[in-house]
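Visitor: Structure file input28.cif (mmCIF, C-alpha atoms) right here:
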```
data_upload
#
loop_
_atom_site.label_atom_id
_atom_site.label_comp_id
_atom_site.auth_asym_id
_atom_site.auth_seq_id
_atom_site.Cartn_x
_atom_site.Cartn_y
_atom_site.Cartn_z
CA MET A 1 -5.63 23.52 2.78
CA HIS A 2 -4.46 20.38 4.59
CA THR A 3 -7.45 18.51 3.26
CA LEU A 4 -6.80 19.73 -0.30
CA MET A 5 -3.12 18.69 -0.12
CA SER A 6 -4.21 15.34 1.21
CA PHE A 7 -6.49 14.89 -1.82
CA VAL A 8 -3.68 15.93 -4.20
CA ALA A 9 -1.24 13.51 -2.57
CA GLY A 10 -3.79 10.70 -2.87
CA LEU A 11 -4.46 11.58 -6.50
CA VAL A 12 -0.75 11.64 -7.45
CA PHE A 13 -0.25 8.39 -5.52
CA GLY A 14 -3.11 6.86 -7.50
CA PHE A 15 -1.64 8.01 -10.83
CA GLY A 16 1.66 6.46 -9.78
CA LEU A 17 -0.01 3.13 -8.98
CA LEU A 18 -1.81 3.15 -12.35
CA LEU A 19 1.24 4.16 -14.40
CA SER A 20 3.57 1.71 -12.66
CA GLY A 21 1.35 -1.34 -13.14
CA MET A 22 0.86 -1.85 -9.36
CA SER A 23 -2.90 -1.49 -9.87
CA ASN A 24 -2.89 -4.64 -12.03
CA PRO A 25 -3.08 -7.70 -9.72
CA ALA A 26 -1.90 -10.01 -12.52
CA LYS A 27 1.29 -7.93 -12.83
CA VAL A 28 1.82 -7.94 -9.05
CA GLN A 29 1.52 -11.73 -9.02
CA GLY A 30 3.92 -11.87 -11.98
CA PHE A 31 6.43 -10.06 -9.76
CA LEU A 32 5.81 -12.40 -6.83
CA ASP A 33 6.24 -15.49 -9.05
CA LEU A 34 9.99 -15.92 -8.73
CA ALA A 35 9.89 -19.55 -9.85
CA GLY A 36 7.85 -18.89 -13.00
CA HIS A 37 8.16 -16.21 -15.68
CA TRP A 38 9.33 -13.45 -13.38
CA ASP A 39 8.36 -9.86 -14.17
CA PRO A 40 10.84 -7.67 -12.21
CA SER A 41 8.96 -4.40 -12.97
CA LEU A 42 7.66 -3.83 -9.47
CA ALA A 43 11.16 -3.81 -8.00
CA LEU A 44 11.68 -0.66 -10.08
CA VAL A 45 8.45 0.84 -8.70
CA MET A 46 9.78 0.45 -5.17
CA GLY A 47 13.20 1.68 -6.30
CA GLY A 48 11.79 4.81 -7.96
CA ALA A 49 9.57 5.65 -5.00
CA ILE A 50 12.34 5.15 -2.44
CA LEU A 51 14.76 7.20 -4.55
CA VAL A 52 12.48 10.22 -4.13
CA GLY A 53 11.48 9.26 -0.60
CA LEU A 54 15.05 9.15 0.72
CA PHE A 55 15.51 12.86 0.00
CA ALA A 56 11.99 13.87 0.99
CA PHE A 57 11.99 12.16 4.38
CA ARG A 58 15.49 13.39 5.18
CA ALA A 59 14.16 16.92 4.60
CA ALA A 60 10.94 16.19 6.48
CA HIS A 61 12.75 14.81 9.53
CA LEU A 62 14.86 17.97 9.73
CA ARG A 63 11.76 20.17 9.91
CA VAL A 64 9.88 21.04 13.08
CA ARG A 65 6.77 22.21 11.24
CA THR A 66 5.27 21.28 7.86
CA LEU A 67 5.36 23.60 4.83
CA LEU A 68 1.78 24.53 5.74
CA GLY A 69 2.86 25.38 9.29
CA GLY A 70 1.25 22.31 10.85
CA VAL A 71 2.66 19.75 13.25
CA MET A 72 5.02 17.04 11.95
CA ARG A 73 3.56 13.65 12.80
CA LEU A 74 6.20 11.30 11.48
CA PRO A 75 6.57 8.08 13.50
CA VAL A 76 9.10 7.85 16.30
CA PRO A 77 11.30 4.73 16.43
CA HIS A 78 9.73 1.65 18.02
CA ASP A 79 11.21 -1.68 18.93
CA LEU A 80 10.81 -4.67 16.68
CA SER A 81 7.96 -6.84 17.81
CA LYS A 82 6.37 -10.20 17.13
CA PRO A 83 3.07 -8.67 15.94
CA LEU A 84 5.02 -6.63 13.36
CA VAL A 85 6.43 -9.82 11.81
CA LEU A 86 3.33 -12.00 12.19
CA GLY A 87 1.04 -9.28 10.84
CA SER A 88 3.32 -8.59 7.89
CA LEU A 89 3.50 -12.30 7.07
CA ALA A 90 -0.32 -12.54 7.09
CA PHE A 91 -0.52 -9.44 4.90
CA GLY A 92 1.99 -10.98 2.47
CA VAL A 93 -0.08 -14.16 2.14
CA GLY A 94 -3.18 -12.10 1.31
CA TRP A 95 -1.19 -9.95 -1.11
CA GLY A 96 0.08 -13.05 -2.91
CA LEU A 97 -3.36 -14.69 -3.06
CA ALA A 98 -5.15 -11.74 -4.67
CA GLY A 99 -2.35 -9.54 -6.03
CA PHE A 100 -3.95 -6.62 -4.19
CA CYS A 101 -2.52 -4.49 -1.41
CA PRO A 102 -4.59 -1.63 0.11
CA GLY A 103 -3.60 1.23 -2.26
CA PRO A 104 -4.18 -0.52 -5.58
CA ALA A 105 -7.43 -2.01 -4.25
CA LEU A 106 -8.76 1.49 -3.50
CA VAL A 107 -7.65 2.74 -6.92
CA SER A 108 -9.47 -0.20 -8.53
CA LEU A 109 -12.68 0.88 -6.75
CA GLY A 110 -12.59 3.92 -9.02
CA THR A 111 -12.55 1.72 -12.11
CA GLY A 112 -15.86 0.19 -10.99
CA GLU A 113 -14.33 -3.26 -10.65
CA ILE A 114 -16.74 -5.38 -8.59
CA LYS A 115 -13.94 -7.73 -7.47
CA ALA A 116 -12.13 -4.74 -5.96
CA VAL A 117 -15.30 -3.86 -4.00
CA VAL A 118 -15.40 -7.40 -2.58
CA PHE A 119 -11.70 -7.27 -1.66
CA VAL A 120 -11.96 -3.84 0.01
CA ALA A 121 -15.07 -4.90 1.97
CA ALA A 122 -13.21 -7.97 3.26
CA MET A 123 -10.15 -5.83 4.08
CA LEU A 124 -12.27 -3.41 6.12
CA GLY A 125 -13.81 -6.45 7.81
CA GLY A 126 -10.33 -7.71 8.67
CA MET A 127 -9.36 -4.35 10.15
CA LEU A 128 -12.53 -4.32 12.27
CA VAL A 129 -11.79 -7.87 13.46
CA PHE A 130 -8.31 -6.74 14.51
CA ASP A 131 -9.73 -3.73 16.38
CA LEU A 132 -12.22 -6.02 18.11
CA ILE A 133 -9.49 -8.45 19.22
CA GLU A 134 -7.37 -5.54 20.46
CA ARG A 135 -10.30 -4.08 22.34
CA ILE A 136 -10.88 -7.38 24.10
CA ARG A 137 -7.19 -7.85 24.85
CA GLY A 138 -6.27 -4.33 25.97
CA PRO A 139 -5.74 -0.69 24.98
CA LEU A 140 -5.62 0.25 21.28
CA PRO A 141 -2.37 1.40 19.71
CA ALA A 142 -2.56 4.66 17.73
CA PRO A 143 -2.80 4.08 13.97
CA ALA A 144 0.57 5.53 12.98
CA GLU A 145 1.54 4.09 9.60
CA MET B 17 13.57 -18.59 -12.86
CA THR B 18 13.17 -17.00 -16.28
CA ILE B 19 12.68 -13.28 -16.80
CA ASP B 20 9.35 -12.41 -18.42
CA TRP B 21 10.71 -9.86 -20.91
CA THR B 22 7.38 -9.45 -22.73
CA HIS B 23 5.67 -8.10 -19.60
CA PHE B 24 8.70 -6.25 -18.20
CA THR B 25 7.92 -2.50 -18.29
CA PRO B 26 10.94 -0.82 -16.70
CA TRP B 27 10.20 2.78 -17.73
CA HIS B 28 6.57 2.78 -16.72
CA ALA B 29 7.50 1.09 -13.45
CA LEU B 30 10.24 3.59 -12.68
CA ALA B 31 8.15 6.62 -13.67
CA GLY B 32 5.16 5.35 -11.67
CA GLY B 33 7.43 4.66 -8.71
CA ILE B 34 8.79 8.20 -8.88
CA LEU B 35 5.20 9.56 -8.88
CA ILE B 36 4.43 7.45 -5.80
CA GLY B 37 7.57 8.87 -4.19
CA VAL B 38 6.51 12.41 -5.08
CA ALA B 39 3.08 11.80 -3.53
CA ALA B 40 4.66 10.48 -0.32
CA ALA B 41 7.04 13.48 -0.32
CA LEU B 42 4.18 16.00 -0.73
CA PHE B 43 2.27 14.32 2.07
CA ALA B 44 5.25 14.28 4.44
CA LEU B 45 6.32 17.86 3.76
CA PHE B 46 2.89 19.54 3.55
CA ASN B 47 0.83 17.37 5.89
CA GLY B 48 3.59 16.03 8.11
CA ARG B 49 2.30 12.50 7.80
CA ILE B 50 3.27 9.10 6.46
CA ALA B 51 1.38 8.08 3.30
CA GLY B 52 0.54 4.68 4.77
CA ILE B 53 -2.67 3.64 3.13
CA SER B 54 -3.71 0.84 5.49
CA GLY B 55 -3.27 3.19 8.45
CA ILE B 56 -5.18 6.01 6.76
CA VAL B 57 -8.11 3.66 6.10
CA ALA B 58 -7.98 2.05 9.55
CA GLY B 59 -8.21 5.45 11.26
CA LEU B 60 -11.67 5.92 9.73
CA LEU B 61 -12.89 2.75 11.40
CA ARG B 62 -12.30 4.30 14.83
CA PRO B 63 -13.18 7.90 13.99
CA MET B 64 -11.97 10.80 16.10
CA ARG B 65 -13.16 14.39 15.81
CA GLY B 66 -11.12 16.49 13.39
CA ASP B 67 -9.19 13.44 12.19
CA ASN B 68 -11.42 12.25 9.36
CA ALA B 69 -11.38 14.90 6.60
CA TRP B 70 -7.73 14.42 5.57
CA ARG B 71 -8.16 10.64 5.58
CA LEU B 72 -11.26 10.80 3.39
CA ALA B 73 -9.53 13.32 1.09
CA PHE B 74 -6.51 11.04 0.57
CA ILE B 75 -8.68 8.00 -0.11
CA GLY B 76 -10.85 10.18 -2.37
CA GLY B 77 -7.74 11.07 -4.37
CA LEU B 78 -6.89 7.39 -4.84
CA VAL B 79 -10.42 6.48 -5.97
CA VAL B 80 -10.70 9.52 -8.28
CA ALA B 81 -7.30 8.81 -9.92
CA PRO B 82 -8.62 6.31 -12.50
CA LEU B 83 -11.61 8.55 -13.27
CA ALA B 84 -9.31 11.53 -13.92
CA TRP B 85 -6.92 9.31 -15.89
CA ARG B 86 -9.77 8.22 -18.17
CA LEU B 87 -10.41 11.84 -19.19
CA PHE B 88 -7.03 11.94 -20.94
CA ALA B 89 -5.98 8.38 -21.72
CA VAL B 90 -7.11 4.77 -21.82
CA LEU B 91 -6.79 3.06 -18.44
CA PRO B 92 -3.98 0.48 -18.26
CA GLU B 93 -5.01 -3.15 -18.27
CA ALA B 94 -5.89 -4.71 -14.91
CA ARG B 95 -6.62 -8.42 -14.60
CA ILE B 96 -7.86 -10.02 -11.38
CA ASP B 97 -7.41 -13.78 -11.59
CA ALA B 98 -8.56 -14.53 -8.04
CA GLY B 99 -12.12 -15.80 -7.55
CA TYR B 100 -14.53 -14.33 -5.00
CA GLY B 101 -13.68 -16.82 -2.26
CA THR B 102 -9.97 -16.12 -2.62
CA LEU B 103 -10.61 -12.36 -2.68
CA VAL B 104 -12.52 -12.51 0.61
CA THR B 105 -9.81 -14.63 2.27
CA ALA B 106 -7.08 -12.36 0.90
CA GLY B 107 -8.93 -9.19 1.95
CA LEU B 108 -9.37 -10.45 5.51
CA LEU B 109 -5.67 -11.40 5.73
CA VAL B 110 -4.61 -8.02 4.32
CA GLY B 111 -6.93 -6.17 6.74
CA ILE B 112 -5.84 -8.05 9.87
CA GLY B 113 -2.20 -8.33 8.79
CA THR B 114 -1.65 -4.66 7.97
CA ARG B 115 -3.19 -3.57 11.29
CA CYS B 116 -1.24 -6.12 13.30
CA GLY B 117 1.98 -5.27 11.41
CA GLY B 118 1.30 -1.52 11.51
CA GLY B 119 1.54 -0.86 7.78
CA CYS B 120 1.45 -2.12 4.21
CA THR B 121 3.39 -1.70 0.97
CA SER B 122 3.10 2.10 1.16
CA GLY B 123 3.68 2.77 4.88
CA HIS B 124 6.45 0.21 5.42
CA GLY B 125 7.62 -0.52 1.87
CA VAL B 126 7.85 3.00 0.45
CA CYS B 127 7.82 5.45 3.37
CA GLY B 128 9.47 3.22 5.99
CA LEU B 129 12.35 2.13 3.77
CA SER B 130 12.84 5.75 2.67
CA ARG B 131 13.10 6.70 6.35
CA LEU B 132 15.63 3.87 6.83
CA SER B 133 13.40 2.41 9.55
CA PRO B 134 14.63 -1.01 10.76
CA ARG B 135 11.05 -2.00 11.70
CA SER B 136 9.85 -1.24 8.19
CA LEU B 137 12.72 -3.24 6.69
CA VAL B 138 11.73 -6.26 8.78
CA ALA B 139 8.05 -5.76 7.87
CA THR B 140 8.83 -5.38 4.15
CA LEU B 141 11.05 -8.48 4.08
CA SER B 142 8.28 -10.38 5.91
CA PHE B 143 5.42 -9.47 3.57
CA MET B 144 7.57 -9.80 0.44
CA GLY B 145 8.80 -13.20 1.59
CA ALA B 146 5.26 -14.33 2.39
CA GLY B 147 4.05 -13.01 -0.97
CA PHE B 148 6.76 -14.91 -2.88
CA ALA B 149 6.05 -18.08 -0.87
CA THR B 150 2.27 -17.81 -1.38
CA VAL B 151 2.50 -17.44 -5.16
CA PHE B 152 5.01 -20.31 -5.26
CA VAL B 153 2.63 -22.61 -3.35
CA VAL B 154 -0.45 -21.58 -5.33
CA ARG B 155 1.14 -21.70 -8.80
CA HIS B 156 3.80 -24.38 -8.53
CA LEU B 157 2.86 -26.74 -5.69
CA ILE B 158 -0.94 -26.76 -5.92
CA GLY B 159 -0.66 -25.85 -9.59
CA ALA B 160 -3.82 -23.77 -9.83
#
```
Just dump the structure as structure tokens.
Guide:
Amino acid sequence: MHTLMSFVAGLVFGFGLLLSGMSNPAKVQGFLDLAGHWDPSLALVMGGAILVGLFAFRAAHLRVRTLLGGVMRLPVPHDLSKPLVLGSLAFGVGWGLAGFCPGPALVSLGTGEIKAVVFVAAMLGGMLVFDLIERIRGPLPAPAE
Amino acid sequence: MTIDWTHFTPWHALAGGILIGVAAALFALFNGRIAGISGIVAGLLRPMRGDNAWRLAFIGGLVVAPLAWRLFAVLPEARIDAGYGTLVTAGLLVGIGTRCGGGCTSGHGVCGLSRLSPRSLVATLSFMGAGFATVFVVRHLIGA
């Protein structure tokens, strides 16, 4: 049941990315191009998602168990850290260069787009490189978000 | 700055955003987890027993979405301007950056901001700012 709900959530998420235009890298870059012909659409994607999310997460944080009776695994507050900022900056540069972030890239795999395959392969490579560096430097943090 | 009215699609954007919010809500309430896509993918790269099926199912849902969509409607246009070299560089940066920063547009941008997490706000401002700066440099300084 958990696995089925996970699939449904992924599917609905994918429909949302397709409908909103997030799965179109040219549109994402149009949003990031403040100095050119700016397409503000994606601000409304974030707005719409957060509108629903605000209520949902308030409800989720009040619950001890999930609607399926499982354990709630929402993140606990952490301190701000340098890796958080540096990592997010690096992610933003990559996002701007290609117009892809992880979700839309995975959705584009399903359209059979070869460029999406190349991007996702490189992204997995980047994640493995990070794990490798962490393993050399010390204990691994749990993948929370 | 000029607004690109011809490509501005407010209703599709809002409706799609609401669907993304609904997906994150379902996942939080039924599975008790954050729909953070970079984290879901990264967990598969260091597999643990009993922790893989839900990750594969979520990713499966994302990949199947365009196939299911095509059964009922024409897929929306998607144009990838970046060349292969840029895609590899961008993919590596996105992979390393989302792991180092602990999340991406979904985990920090959608779920984190919905949870009013200060960390996610800082992360979102960082990757948005870097995204704006990168497109500015590529399009207006280098003039690609």
Visitor: Here's a test: counting all atoms listed in the file, identify every protein, DNA and RNA residue with an atom at most 9 Å from (-5.4, 13.2, 7.0) in the file's coordinate frame, and state them as a ChimeraX atom specification.
Guide: /A:2-3,6 /B:47,49,56,67-74
Visitor: Residues picked by the PyMOL selection byres ((chain A and resi 53) around 8) here, as a ChimeraX atom specification?
Guide: /A:49-52,54-57 /B:37-38,40-41,126-127,130-131
Visitor: Kindly resolve the PyMOL selection byres ((chain A and resi 83-100) around 8) on the present coordinates and return the residues as a PyMOL selection string.
Guide: (chain A and resi 23-29+32+80-82+101-102+104-105) or (chain B and resi 96-98+102-103+105-120+135+138-140+142-151+154)
Visitor: Please enumerate the residues selected by the PyMOL selection byres ((chain A and resi 41) around 8) when evaluated against the supplied file, formatted as an NGL selection string.
Guide: (:A and (31 or 39-40 or 42-45)) or (:B and (24-26 or 29))
Visitor: Mind dumping a table of every range 65-129 of chain A residue within 10 Å of range 9-20 of chain A, with the nearest atom pair and its distance in Å to one decimal, using only C-alpha atoms, sorted by chain and rising number, as a Markdown table?
Guide:
```
| residue | atom | partner | partner_atom | distance |
| --- | --- | --- | --- | --- |
| A:Gly103 | CA | A:Gly14 | CA | 7.7 |
| A:Pro104 | CA | A:Leu17 | CA | 6.5 |
| A:Leu106 | CA | A:Gly14 | CA | 8.8 |
| A:Val107 | CA | A:Gly14 | CA | 6.2 |
| A:Ser108 | CA | A:Leu18 | CA | 9.2 |
```
Visitor: Let me make sure I understand: among A:Met46, A:Ile133, A:Ile114, A:Leu62, which one has the smallest atom-to-atom distance to chain B if we use only C-alpha atoms?
Guide: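 The closest residue to chain B is A:Met46.
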Visitor: Looking at B:His156, B:Pro134, B:Ala94, B:Val57, which one is nearest to chain A, with distances taken over all atoms listed in the file?
Guide: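 Between B:His156, B:Pro134, B:Ala94, B:Val57, the residue approaching chain A most closely is B:Ala94.
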Visitor: Between CA of Ile34 in chain B and CA of Ile53 in chain B, what is the spacing in Å?
Guide: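 Going from CA of Ile53 in chain B over to CA of Ile34 in chain B, I get 17.2 Å.
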Visitor: Enter the distance from CA of Val117 in chain A to CA of Met22 in chain A, in Å, rounded to one decimal.
Guide: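 Computed distance, CA of Val117 in chain A to CA of Met22 in chain A, equals 17.1 Å.
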Visitor: For a test of reading the model, state the distance in Å between CA of Leu129 in chain B and CA of Gly69 in chain A, rounded to one decimal.
Guide: 25.7 Å
Visitor: Env of Ala58 in chain B: 8 Å cut, atoms = all atoms listed in the file, seq-sep filter 4 positions within chain, self excluded. Answer as an NGL selection string.
Guide: (:A and (124 or 127 or 143)) or (:B and (54 or 62 or 115))
Visitor: Which residue gives the smallest distance to chain B among A:Gly126, A:His78, A:Arg137, A:Arg63, with all atoms listed in the file counted?
Guide: A:Gly126
